[in-house]
>>> print(open('target-v8.cif').read())   # mmCIF, C-alpha atoms; chains and numbers go by the auth columns
data_upload
loop_
_atom_site.group_PDB
_atom_site.id
_atom_site.type_symbol
_atom_site.label_atom_id
_atom_site.label_comp_id
_atom_site.label_asym_id
_atom_site.label_seq_id
_atom_site.Cartn_x
_atom_site.Cartn_y
_atom_site.Cartn_z
_atom_site.B_iso_or_equiv
_atom_site.auth_seq_id
_atom_site.auth_asym_id
ATOM 1 C CA MET A 1 27.109 -1.242 4.450 0.00 208 F
ATOM 2 C CA VAL A 2 23.632 -1.160 2.939 0.00 209 F
ATOM 3 C CA THR A 3 21.768 -4.452 2.983 0.00 210 F
ATOM 4 C CA ARG A 4 20.147 -5.827 -0.133 0.00 211 F
ATOM 5 C CA ALA A 5 16.700 -5.154 1.349 0.00 212 F
ATOM 6 C CA GLU A 6 17.586 -1.548 2.142 0.00 213 F
ATOM 7 C CA HIS A 7 19.080 -1.042 -1.323 0.00 214 F
ATOM 8 C CA ARG A 8 15.852 -2.377 -2.846 0.00 215 F
ATOM 9 C CA ARG A 9 13.794 -0.055 -0.652 0.00 216 F
ATOM 10 C CA GLN A 10 15.937 2.978 -1.526 0.00 217 F
ATOM 11 C CA THR A 11 15.703 2.159 -5.234 0.00 218 F
ATOM 12 C CA LEU A 12 11.931 1.793 -5.064 0.00 219 F
ATOM 13 C CA LEU A 13 11.566 5.084 -3.187 0.00 220 F
ATOM 14 C CA ALA A 14 13.784 6.836 -5.753 0.00 221 F
ATOM 15 C CA LEU A 15 11.600 5.402 -8.519 0.00 222 F
ATOM 16 C CA SER A 16 8.467 6.553 -6.723 0.00 223 F
ATOM 17 C CA GLU A 17 9.803 10.085 -6.368 0.00 224 F
ATOM 18 C CA ALA A 18 10.985 10.160 -9.986 0.00 225 F
ATOM 19 C CA THR A 19 7.622 8.871 -11.197 0.00 226 F
ATOM 20 C CA THR A 20 5.700 11.525 -9.322 0.00 227 F
ATOM 21 C CA ARG A 21 7.990 14.296 -10.603 0.00 228 F
ATOM 22 C CA GLU A 22 7.904 13.091 -14.212 0.00 229 F
ATOM 23 C CA LEU A 23 4.141 12.721 -14.220 0.00 230 F
ATOM 24 C CA GLN A 24 3.760 16.165 -12.651 0.00 231 F
ATOM 25 C CA ALA A 25 6.024 17.638 -15.325 0.00 232 F
ATOM 26 C CA ARG A 26 5.017 15.637 -18.420 0.00 233 F
ATOM 27 C CA GLY A 27 1.700 14.078 -17.560 0.00 234 F
ATOM 28 C CA LEU A 28 0.998 10.826 -19.348 0.00 235 F
ATOM 29 C CA ASP A 29 3.800 11.597 -21.825 0.00 236 F
ATOM 30 C CA ALA A 30 6.300 10.581 -19.131 0.00 237 F
ATOM 31 C CA THR A 31 8.000 7.325 -20.140 0.00 238 F
ATOM 32 C CA ILE A 32 9.764 4.588 -18.236 0.00 239 F
ATOM 33 C CA ASP A 33 13.007 5.904 -19.751 0.00 240 F
ATOM 34 C CA ASP A 34 12.291 9.407 -18.383 0.00 241 F
ATOM 35 C CA ILE A 35 11.545 7.995 -14.960 0.00 242 F
ATOM 36 C CA ALA A 36 14.605 5.728 -14.919 0.00 243 F
ATOM 37 C CA LYS A 37 16.845 8.610 -15.941 0.00 244 F
ATOM 38 C CA ARG A 38 15.440 10.892 -13.235 0.00 245 F
ATOM 39 C CA ALA A 39 15.863 8.133 -10.643 0.00 246 F
ATOM 40 C CA GLY A 40 19.416 7.448 -11.788 0.00 247 F
ATOM 41 C CA VAL A 41 18.800 3.814 -12.645 0.00 248 F
ATOM 42 C CA ALA A 42 18.778 1.715 -15.784 0.00 249 F
ATOM 43 C CA ARG A 43 15.515 0.933 -17.544 0.00 250 F
ATOM 44 C CA ARG A 44 15.957 -2.765 -16.796 0.00 251 F
ATOM 45 C CA THR A 45 16.148 -1.904 -13.084 0.00 252 F
ATOM 46 C CA VAL A 46 12.658 -0.429 -13.302 0.00 253 F
ATOM 47 C CA TYR A 47 11.309 -3.618 -14.834 0.00 254 F
ATOM 48 C CA ARG A 48 13.011 -5.687 -12.161 0.00 255 F
ATOM 49 C CA TRP A 49 10.556 -4.204 -9.665 0.00 256 F
ATOM 50 C CA VAL A 50 7.386 -3.384 -11.625 0.00 257 F
ATOM 51 C CA ASP A 51 5.532 -4.355 -14.779 0.00 258 F
ATOM 52 C CA SER A 52 4.431 -0.906 -15.915 0.00 259 F
ATOM 53 C CA ARG A 53 4.561 2.831 -15.341 0.00 260 F
ATOM 54 C CA ASP A 54 1.173 2.607 -13.642 0.00 261 F
ATOM 55 C CA ASP A 55 2.682 0.328 -10.991 0.00 262 F
ATOM 56 C CA LEU A 56 5.382 2.907 -10.246 0.00 263 F
ATOM 57 C CA VAL A 57 2.833 5.380 -8.913 0.00 264 F
ATOM 58 C CA PHE A 58 1.878 2.910 -6.186 0.00 265 F
ATOM 59 C CA ILE A 59 5.251 1.809 -4.859 0.00 266 F
ATOM 60 C CA HIS A 60 4.487 3.098 -1.380 0.00 267 F
ATOM 61 C CA PRO A 61 1.510 0.771 -0.826 0.00 268 F
ATOM 62 C CA ARG A 62 3.688 -2.175 -1.874 0.00 269 F
ATOM 63 C CA LEU A 63 6.290 -1.187 0.699 0.00 270 F
ATOM 64 C CA TRP A 64 3.575 -0.862 3.334 0.00 271 F
ATOM 65 C CA ILE A 65 2.944 -4.600 3.083 0.00 272 F
ATOM 66 C CA GLU A 66 6.449 -5.105 4.465 0.00 273 F
ATOM 67 C CA ILE A 67 5.771 -2.660 7.314 0.00 274 F
ATOM 68 C CA PHE A 68 2.517 -4.475 8.079 0.00 275 F
ATOM 69 C CA ASP A 69 4.272 -7.858 8.095 0.00 276 F
ATOM 70 C CA GLU A 70 7.082 -6.634 10.349 0.00 277 F
ATOM 71 C CA ALA A 71 4.580 -5.175 12.798 0.00 278 F
ATOM 72 C CA ILE A 72 2.445 -8.276 13.136 0.00 279 F
ATOM 73 C CA GLU A 73 5.441 -10.538 13.730 0.00 280 F
ATOM 74 C CA SER A 74 5.247 -9.479 17.372 0.00 281 F
ATOM 75 C CA VAL A 75 1.528 -10.322 17.714 0.00 282 F
ATOM 76 C CA THR A 76 1.168 -13.551 15.740 0.00 283 F
ATOM 77 C CA ASP A 77 -0.771 -15.243 18.548 0.00 284 F
ATOM 78 C CA ALA A 78 -3.221 -12.355 18.970 0.00 285 F
ATOM 79 C CA PRO A 79 -6.783 -12.512 17.618 0.00 286 F
ATOM 80 C CA LEU A 80 -7.278 -11.492 13.987 0.00 287 F
ATOM 81 C CA ARG A 81 -8.724 -8.061 14.765 0.00 288 F
ATOM 82 C CA ASP A 82 -5.799 -7.215 17.054 0.00 289 F
ATOM 83 C CA ARG A 83 -3.235 -8.354 14.470 0.00 290 F
ATOM 84 C CA VAL A 84 -4.859 -6.329 11.690 0.00 291 F
ATOM 85 C CA LEU A 85 -5.181 -3.286 13.942 0.00 292 F
ATOM 86 C CA HIS A 86 -1.557 -3.575 15.100 0.00 293 F
ATOM 87 C CA GLY A 87 -0.234 -3.852 11.554 0.00 294 F
ATOM 88 C CA SER A 88 -2.525 -1.081 10.319 0.00 295 F
ATOM 89 C CA ARG A 89 -1.373 1.225 13.102 0.00 296 F
ATOM 90 C CA ALA A 90 2.244 0.655 12.099 0.00 297 F
ATOM 91 C CA VAL A 91 1.505 1.463 8.451 0.00 298 F
ATOM 92 C CA SER A 92 -0.588 4.493 9.421 0.00 299 F
ATOM 93 C CA ALA A 93 2.158 5.820 11.691 0.00 300 F
ATOM 94 C CA HIS A 94 4.645 5.398 8.856 0.00 301 F
ATOM 95 C CA ILE A 95 2.416 7.359 6.471 0.00 302 F
ATOM 96 C CA ASP A 96 1.607 10.041 9.067 0.00 303 F
ATOM 97 C CA ALA A 97 5.348 10.526 9.718 0.00 304 F
ATOM 98 C CA ASP A 98 5.934 11.589 6.093 0.00 305 F
ATOM 99 C CA PRO A 99 2.643 12.095 4.265 0.00 306 F
ATOM 100 C CA THR A 100 3.932 14.220 1.380 0.00 307 F
ATOM 101 C CA PRO A 101 5.100 11.442 -0.986 0.00 308 F
ATOM 102 C CA VAL A 102 1.823 9.583 -0.611 0.00 309 F
ATOM 103 C CA MET A 103 -0.294 12.684 -1.055 0.00 310 F
ATOM 104 C CA GLU A 104 1.666 13.755 -4.146 0.00 311 F
ATOM 105 C CA ALA A 105 1.513 10.304 -5.741 0.00 312 F
ATOM 106 C CA MET A 106 -2.226 10.087 -5.121 0.00 313 F
ATOM 107 C CA ALA A 107 -2.745 13.593 -6.543 0.00 314 F
ATOM 108 C CA VAL A 108 -0.929 12.513 -9.720 0.00 315 F
ATOM 109 C CA ALA A 109 -2.974 9.317 -9.937 0.00 316 F
ATOM 110 C CA LEU A 110 -6.250 11.145 -9.437 0.00 317 F
ATOM 111 C CA ALA A 111 -5.261 13.707 -12.071 0.00 318 F
ATOM 112 C CA HIS A 112 -4.698 10.858 -14.546 0.00 319 F
ATOM 113 C CA PRO A 113 -7.364 8.198 -13.891 0.00 320 F
ATOM 114 C CA SER A 114 -5.787 5.751 -16.331 0.00 321 F
ATOM 115 C CA LEU A 115 -2.973 5.345 -13.791 0.00 322 F
ATOM 116 C CA MET A 116 -5.438 3.793 -11.370 0.00 323 F
ATOM 117 C CA ARG A 117 -4.772 0.397 -12.979 0.00 324 F
ATOM 118 C CA GLY A 118 -1.664 0.364 -10.813 0.00 325 F
ATOM 119 C CA TYR A 119 -3.855 0.957 -7.785 0.00 326 F
ATOM 120 C CA ALA A 120 -5.998 -2.027 -8.726 0.00 327 F
ATOM 121 C CA THR A 121 -2.871 -4.182 -8.912 0.00 328 F
ATOM 122 C CA VAL A 122 -1.558 -3.161 -5.504 0.00 329 F
ATOM 123 C CA SER A 123 -5.039 -3.385 -3.973 0.00 330 F
ATOM 124 C CA GLN A 124 -5.213 -6.989 -5.133 0.00 331 F
ATOM 125 C CA GLU A 125 -1.845 -7.678 -3.502 0.00 332 F
ATOM 126 C CA TRP A 126 -3.179 -6.226 -0.249 0.00 333 F
ATOM 127 C CA ILE A 127 -6.424 -8.205 -0.458 0.00 334 F
ATOM 128 C CA ASP A 128 -4.374 -11.370 -1.001 0.00 335 F
ATOM 129 C CA ARG A 129 -2.192 -10.491 1.990 0.00 336 F
ATOM 130 C CA MET A 130 -5.174 -9.820 4.254 0.00 337 F
ATOM 131 C CA SER A 131 -6.899 -12.985 3.024 0.00 338 F
ATOM 132 C CA THR A 132 -3.824 -14.969 4.013 0.00 339 F
ATOM 133 C CA GLU A 133 -3.906 -13.378 7.459 0.00 340 F
ATOM 134 C CA VAL A 134 -7.584 -14.272 7.866 0.00 341 F
ATOM 135 C CA LEU A 135 -7.200 -17.807 6.517 0.00 342 F
ATOM 136 C CA GLY A 136 -4.280 -18.867 8.647 0.00 343 F
ATOM 137 C CA THR A 137 -3.450 -22.506 8.004 0.00 344 F
ATOM 138 C CA SER A 138 -6.916 -23.669 6.924 0.00 345 F
ATOM 139 C CA THR A 139 -7.283 -25.419 3.579 0.00 346 F
ATOM 140 C CA ASP A 140 -11.084 -25.621 3.707 0.00 347 F
ATOM 141 C CA PRO A 141 -12.673 -24.094 0.542 0.00 348 F
ATOM 142 C CA ASP A 142 -15.389 -22.381 2.602 0.00 349 F
ATOM 143 C CA ALA A 143 -12.742 -20.891 4.867 0.00 350 F
ATOM 144 C CA ARG A 144 -10.857 -19.659 1.789 0.00 351 F
ATOM 145 C CA PHE A 145 -13.997 -17.877 0.557 0.00 352 F
ATOM 146 C CA ARG A 146 -14.576 -16.312 3.981 0.00 353 F
ATOM 147 C CA ALA A 147 -10.934 -15.199 4.088 0.00 354 F
ATOM 148 C CA ARG A 148 -11.248 -13.594 0.665 0.00 355 F
ATOM 149 C CA VAL A 149 -14.416 -11.725 1.650 0.00 356 F
ATOM 150 C CA LEU A 150 -12.943 -10.515 4.934 0.00 357 F
ATOM 151 C CA GLY A 151 -9.649 -9.582 3.247 0.00 358 F
ATOM 152 C CA ALA A 152 -11.565 -7.448 0.758 0.00 359 F
ATOM 153 C CA ALA A 153 -13.646 -5.900 3.555 0.00 360 F
ATOM 154 C CA ILE A 154 -10.525 -4.981 5.527 0.00 361 F
ATOM 155 C CA MET A 155 -8.989 -3.411 2.448 0.00 362 F
ATOM 156 C CA GLY A 156 -12.245 -1.568 1.770 0.00 363 F
ATOM 157 C CA VAL A 157 -11.933 0.004 5.215 0.00 364 F
ATOM 158 C CA ILE A 158 -8.309 0.922 4.619 0.00 365 F
ATOM 159 C CA ASP A 159 -9.106 2.353 1.205 0.00 366 F
ATOM 160 C CA ALA A 160 -11.945 4.436 2.691 0.00 367 F
ATOM 161 C CA ALA A 161 -9.618 5.597 5.482 0.00 368 F
ATOM 162 C CA LEU A 162 -6.973 6.695 2.962 0.00 369 F
ATOM 163 C CA THR A 163 -9.583 8.519 0.893 0.00 370 F
ATOM 164 C CA SER A 164 -10.897 10.377 3.949 0.00 371 F
ATOM 165 C CA TRP A 165 -7.352 11.162 5.048 0.00 372 F
ATOM 166 C CA LEU A 166 -6.598 12.608 1.609 0.00 373 F
ATOM 167 C CA GLU A 167 -9.823 14.627 1.648 0.00 374 F
ATOM 168 C CA HIS A 168 -8.633 16.175 4.917 0.00 375 F
ATOM 169 C CA GLY A 169 -5.279 16.993 3.323 0.00 376 F
ATOM 170 C CA GLY A 170 -3.475 14.732 5.784 0.00 377 F
ATOM 171 C CA ALA A 171 -4.353 17.180 8.594 0.00 378 F
ATOM 172 C CA LYS A 172 -5.921 14.425 10.695 0.00 379 F
ATOM 173 C CA PRO A 173 -3.859 11.335 11.530 0.00 380 F
ATOM 174 C CA LEU A 174 -4.575 8.410 9.228 0.00 381 F
ATOM 175 C CA VAL A 175 -4.519 6.020 12.147 0.00 382 F
ATOM 176 C CA GLY A 176 -7.765 7.519 13.491 0.00 383 F
ATOM 177 C CA PHE A 177 -9.583 6.844 10.238 0.00 384 F
ATOM 178 C CA VAL A 178 -8.232 3.283 10.103 0.00 385 F
ATOM 179 C CA GLU A 179 -9.158 2.528 13.716 0.00 386 F
ATOM 180 C CA SER A 180 -12.689 3.919 13.241 0.00 387 F
ATOM 181 C CA GLY A 181 -13.183 1.894 10.085 0.00 388 F
ATOM 182 C CA LEU A 182 -11.883 -1.337 11.556 0.00 389 F
ATOM 183 C CA GLU A 183 -14.182 -0.810 14.533 0.00 390 F
ATOM 184 C CA LEU A 184 -17.094 -1.088 12.102 0.00 391 F
ATOM 185 C CA LEU A 185 -15.832 -4.539 11.124 0.00 392 F
ATOM 186 C CA ALA A 186 -15.316 -5.645 14.742 0.00 393 F
ATOM 187 C CA PRO A 187 -18.391 -7.908 14.867 0.00 394 F
ATOM 188 C CA ILE A 188 -17.160 -10.011 11.958 0.00 395 F
ATOM 189 C CA LEU A 189 -13.452 -9.829 12.732 0.00 396 F
ATOM 190 C CA ASP A 190 -14.031 -11.005 16.312 0.00 397 F
ATOM 191 C CA GLU A 191 -15.881 -14.183 15.263 0.00 398 F
#
>>> encode(input="target-v8.cif", output="structure tokens")
Amino acid sequence: MVTRAEHRRQTLLALSEATTRELQARGLDATIDDIAKRAGVARRTVYRWVDSRDDLVFIHPRLWIEIFDEAIESVTDAPLRDRVLHGSRAVSAHIDADPTPVMEAMAVALAHPSLMRGYATVSQEWIDRMSTEVLGTSTDPDARFRARVLGAAIMGVIDAALTSWLEHGGAKPLVGFVESGLELLAPILDE
């Protein structure tokens, strides 16, 4: 029996695949109805998970937050840098295991820059997630600002790593780019 979480994941992956295929075939003329039909779901199902077509292009990065969270559950007492590196390695390994969907979705997004609004949305979700990881249980306003800055810096590294990985056509493991980038932040993450 498929769990609710697995059903959600399968539906989101089907929507991601359908979105990529529709945008490849129709460009920006692809509609939510076209995507829903290709994915074999109702239109209302699409809107249960996302707000717009642009968000559909970036389903994978949303699912990576779950992979990150699962990975760091085993290292919750580790220093910040180790937790971020552990979670990032898990996400990178996931992407490296099947890079094609990510590469195709990014190619579609780059071919249609207006779709990058969806990237901005998911990037903000990631920055919020990283900020929460940095902040911990503190309620101090200065600590919240620091957490926000460091969360954005971590996501800047991950974004740069993904861009470099894409430029190399996925030929080099993503994890190497992520580890190298996070090493540059080591002095501030180790404080």
>>> axis_aligned_box(input="target-v8.cif", around="stretch 336-346 of chain F", padding_each_side="6 Å", output="lines of an AutoDock Vina configuration file")
center_x = -4.9
center_y = -17.6
center_z = 5.3
size_x = 17.4
size_y = 27.6
size_z = 18.7
>>> resolve_selection(input="target-v8.cif", expression="the PyMOL selection byres ((chain F and resi 357) around 8)", output="PyMOL selection string")
chain F and resi 337-338+341+353-356+358-361+396
>>> resolve_selection(input="target-v8.cif", expression="the PyMOL selection byres ((chain F and resi 287) around 10)", output="MDAnalysis selection string")
chainID F and resid 282:286 288:293 340:343 393 396:398
>>> resolve_selection(input="target-v8.cif", expression="the PyMOL selection byres ((chain F and resi 325) around 10)", output="list of chain:residue names")
F:Val257, F:Asp258, F:Ser259, F:Arg260, F:Asp261, F:Asp262, F:Leu263, F:Val264, F:Phe265, F:Ile266, F:Ala316, F:Ser321, F:Leu322, F:Met323, F:Arg324, F:Tyr326, F:Ala327, F:Thr328, F:Val329, F:Ser330, F:Gln331
>>> closest_residue(input="target-v8.cif", among="F:Ala367, F:Ile334, F:Leu220, F:Ala297", to="F:Val382", atoms="all atoms listed in the file")
F:Ala297
>>> closest_residue(input="target-v8.cif", among="F:Glu273, F:Asp335, F:Glu311, F:Glu229", to="F:Ala212", atoms="only C-alpha atoms")
F:Glu273
>>> atom_distance(input="target-v8.cif", atom1="atom CA of F:Ala378", atom2="atom CA of F:His267")
19.4 Å
>>> closest_residue(input="target-v8.cif", among="F:Val309, F:Leu391, F:Ala304, F:Val253", to="F:Glu224", atoms="all atoms listed in the file")
F:Val309
>>> residues_around(input="target-v8.cif", residues="stretch 294-296 of chain F", least_positions_apart="2", cutoff="9 Å", atoms="only C-alpha atoms", output="PyMOL selection string")
chain F and resi 274-279+289-292+298-301+365+381-383+385-386
>>> atom_distance(input="target-v8.cif", atom1="atom CA of F:Leu219", atom2="atom CA of F:Arg233")
20.4 Å
>>> atom_distance(input="target-v8.cif", atom1="atom CA of F:Gly234", atom2="atom CA of F:Ala246")
16.8 Å
>>> residues_around(input="target-v8.cif", residues="F:Phe384", least_positions_apart="2", cutoff="8 Å", atoms="only C-alpha atoms", output="list in words")
Ala368, Leu369, Ser371, Trp372, Pro380, Leu381, Val382, Glu386, Ser387 and Gly388 of chain F
>>> closest_residue(input="target-v8.cif", among="F:Thr210, F:Thr218, F:Thr339, F:Ser345", to="F:Leu270", atoms="all atoms listed in the file")
F:Thr218
>>> closest_residue(input="target-v8.cif", among="F:Leu389, F:Ala350, F:Ala225, F:Met310", to="F:Ala237", atoms="all atoms listed in the file")
F:Ala225
>>> closest_residue(input="target-v8.cif", among="F:Met362, F:Ile242, F:Met208, F:Leu235", to="F:Ser223", atoms="only C-alpha atoms")
F:Ile242
>>> decode(input="target-v8.cif", residues="stretch 332-363 of chain F", atoms="N, CA and C atoms", output="PDB file, in the first residue's frame")
ATOM      1  N   GLU F 332      11.924  29.520  -0.229  1.00  0.00           N
ATOM      2  CA  GLU F 332      11.606  28.422   0.691  1.00  0.00           C
ATOM      3  C   GLU F 332      12.895  27.809   1.253  1.00  0.00           C
ATOM      4  N   TRP F 333      13.892  27.634   0.391  1.00  0.00           N
ATOM      5  CA  TRP F 333      15.164  27.085   0.834  1.00  0.00           C
ATOM      6  C   TRP F 333      15.895  28.045   1.774  1.00  0.00           C
ATOM      7  N   ILE F 334      15.887  29.332   1.461  1.00  0.00           N
ATOM      8  CA  ILE F 334      16.531  30.303   2.340  1.00  0.00           C
ATOM      9  C   ILE F 334      15.856  30.281   3.713  1.00  0.00           C
ATOM     10  N   ASP F 335      14.532  30.222   3.722  1.00  0.00           N
ATOM     11  CA  ASP F 335      13.804  30.133   4.995  1.00  0.00           C
ATOM     12  C   ASP F 335      14.198  28.873   5.760  1.00  0.00           C
ATOM     13  N   ARG F 336      14.326  27.762   5.034  1.00  0.00           N
ATOM     14  CA  ARG F 336      14.685  26.497   5.692  1.00  0.00           C
ATOM     15  C   ARG F 336      16.088  26.579   6.283  1.00  0.00           C
ATOM     16  N   MET F 337      17.031  27.099   5.505  1.00  0.00           N
ATOM     17  CA  MET F 337      18.406  27.222   5.996  1.00  0.00           C
ATOM     18  C   MET F 337      18.480  28.211   7.147  1.00  0.00           C
ATOM     19  N   SER F 338      17.719  29.291   7.072  1.00  0.00           N
ATOM     20  CA  SER F 338      17.699  30.277   8.157  1.00  0.00           C
ATOM     21  C   SER F 338      17.218  29.634   9.449  1.00  0.00           C
ATOM     22  N   THR F 339      16.231  28.787   9.348  1.00  0.00           N
ATOM     23  CA  THR F 339      15.716  28.069  10.516  1.00  0.00           C
ATOM     24  C   THR F 339      16.794  27.165  11.102  1.00  0.00           C
ATOM     25  N   GLU F 340      17.542  26.519  10.232  1.00  0.00           N
ATOM     26  CA  GLU F 340      18.625  25.636  10.684  1.00  0.00           C
ATOM     27  C   GLU F 340      19.697  26.444  11.407  1.00  0.00           C
ATOM     28  N   VAL F 341      20.026  27.599  10.877  1.00  0.00           N
ATOM     29  CA  VAL F 341      21.042  28.466  11.490  1.00  0.00           C
ATOM     30  C   VAL F 341      20.535  29.021  12.819  1.00  0.00           C
ATOM     31  N   LEU F 342      19.304  29.453  12.856  1.00  0.00           N
ATOM     32  CA  LEU F 342      18.745  30.128  14.025  1.00  0.00           C
ATOM     33  C   LEU F 342      18.599  29.207  15.223  1.00  0.00           C
ATOM     34  N   GLY F 343      18.193  27.980  14.966  1.00  0.00           N
ATOM     35  CA  GLY F 343      17.937  27.078  16.080  1.00  0.00           C
ATOM     36  C   GLY F 343      16.751  27.574  16.884  1.00  0.00           C
ATOM     37  N   THR F 344      16.908  27.656  18.183  1.00  0.00           N
ATOM     38  CA  THR F 344      15.794  28.039  19.053  1.00  0.00           C
ATOM     39  C   THR F 344      15.849  29.499  19.504  1.00  0.00           C
ATOM     40  N   SER F 345      16.813  30.245  19.009  1.00  0.00           N
ATOM     41  CA  SER F 345      16.971  31.645  19.425  1.00  0.00           C
ATOM     42  C   SER F 345      15.788  32.487  18.959  1.00  0.00           C
ATOM     43  N   THR F 346      15.418  33.450  19.795  1.00  0.00           N
ATOM     44  CA  THR F 346      14.376  34.411  19.424  1.00  0.00           C
ATOM     45  C   THR F 346      14.937  35.828  19.340  1.00  0.00           C
ATOM     46  N   ASP F 347      16.235  35.966  19.525  1.00  0.00           N
ATOM     47  CA  ASP F 347      16.903  37.260  19.483  1.00  0.00           C
ATOM     48  C   ASP F 347      16.830  37.854  18.073  1.00  0.00           C
ATOM     49  N   PRO F 348      16.379  39.118  17.925  1.00  0.00           N
ATOM     50  CA  PRO F 348      16.278  39.744  16.600  1.00  0.00           C
ATOM     51  C   PRO F 348      17.613  39.787  15.846  1.00  0.00           C
ATOM     52  N   ASP F 349      18.710  40.026  16.558  1.00  0.00           N
ATOM     53  CA  ASP F 349      20.016  40.037  15.897  1.00  0.00           C
ATOM     54  C   ASP F 349      20.377  38.645  15.389  1.00  0.00           C
ATOM     55  N   ALA F 350      20.028  37.636  16.164  1.00  0.00           N
ATOM     56  CA  ALA F 350      20.290  36.261  15.741  1.00  0.00           C
ATOM     57  C   ALA F 350      19.430  35.905  14.524  1.00  0.00           C
ATOM     58  N   ARG F 351      18.218  36.431  14.485  1.00  0.00           N
ATOM     59  CA  ARG F 351      17.341  36.186  13.323  1.00  0.00           C
ATOM     60  C   ARG F 351      17.938  36.799  12.059  1.00  0.00           C
ATOM     61  N   PHE F 352      18.498  38.007  12.173  1.00  0.00           N
ATOM     62  CA  PHE F 352      19.136  38.649  11.029  1.00  0.00           C
ATOM     63  C   PHE F 352      20.341  37.824  10.578  1.00  0.00           C
ATOM     64  N   ARG F 353      21.180  37.431  11.511  1.00  0.00           N
ATOM     65  CA  ARG F 353      22.350  36.610  11.186  1.00  0.00           C
ATOM     66  C   ARG F 353      21.918  35.318  10.496  1.00  0.00           C
ATOM     67  N   ALA F 354      20.872  34.698  11.006  1.00  0.00           N
ATOM     68  CA  ALA F 354      20.377  33.442  10.420  1.00  0.00           C
ATOM     69  C   ALA F 354      19.917  33.659   8.983  1.00  0.00           C
ATOM     70  N   ARG F 355      19.246  34.766   8.757  1.00  0.00           N
ATOM     71  CA  ARG F 355      18.761  35.090   7.409  1.00  0.00           C
ATOM     72  C   ARG F 355      19.925  35.303   6.444  1.00  0.00           C
ATOM     73  N   VAL F 356      20.935  36.030   6.889  1.00  0.00           N
ATOM     74  CA  VAL F 356      22.114  36.282   6.054  1.00  0.00           C
ATOM     75  C   VAL F 356      22.836  34.967   5.750  1.00  0.00           C
ATOM     76  N   LEU F 357      23.070  34.169   6.781  1.00  0.00           N
ATOM     77  CA  LEU F 357      23.768  32.901   6.559  1.00  0.00           C
ATOM     78  C   LEU F 357      22.928  31.933   5.719  1.00  0.00           C
ATOM     79  N   GLY F 358      21.620  31.924   5.931  1.00  0.00           N
ATOM     80  CA  GLY F 358      20.744  31.076   5.111  1.00  0.00           C
ATOM     81  C   GLY F 358      20.840  31.447   3.645  1.00  0.00           C
ATOM     82  N   ALA F 359      20.857  32.747   3.366  1.00  0.00           N
ATOM     83  CA  ALA F 359      20.987  33.218   1.985  1.00  0.00           C
ATOM     84  C   ALA F 359      22.370  32.885   1.430  1.00  0.00           C
ATOM     85  N   ALA F 360      23.405  32.991   2.252  1.00  0.00           N
ATOM     86  CA  ALA F 360      24.758  32.669   1.798  1.00  0.00           C
ATOM     87  C   ALA F 360      24.872  31.180   1.462  1.00  0.00           C
ATOM     88  N   ILE F 361      24.314  30.344   2.301  1.00  0.00           N
ATOM     89  CA  ILE F 361      24.338  28.895   2.035  1.00  0.00           C
ATOM     90  C   ILE F 361      23.625  28.600   0.731  1.00  0.00           C
ATOM     91  N   MET F 362      22.470  29.215   0.539  1.00  0.00           N
ATOM     92  CA  MET F 362      21.726  28.970  -0.699  1.00  0.00           C
ATOM     93  C   MET F 362      22.433  29.568  -1.905  1.00  0.00           C
ATOM     94  N   GLY F 363      23.178  30.644  -1.711  1.00  0.00           N
ATOM     95  CA  GLY F 363      23.995  31.184  -2.798  1.00  0.00           C
ATOM     96  C   GLY F 363      25.041  30.179  -3.240  1.00  0.00           C
TER      97      GLY F 363
END
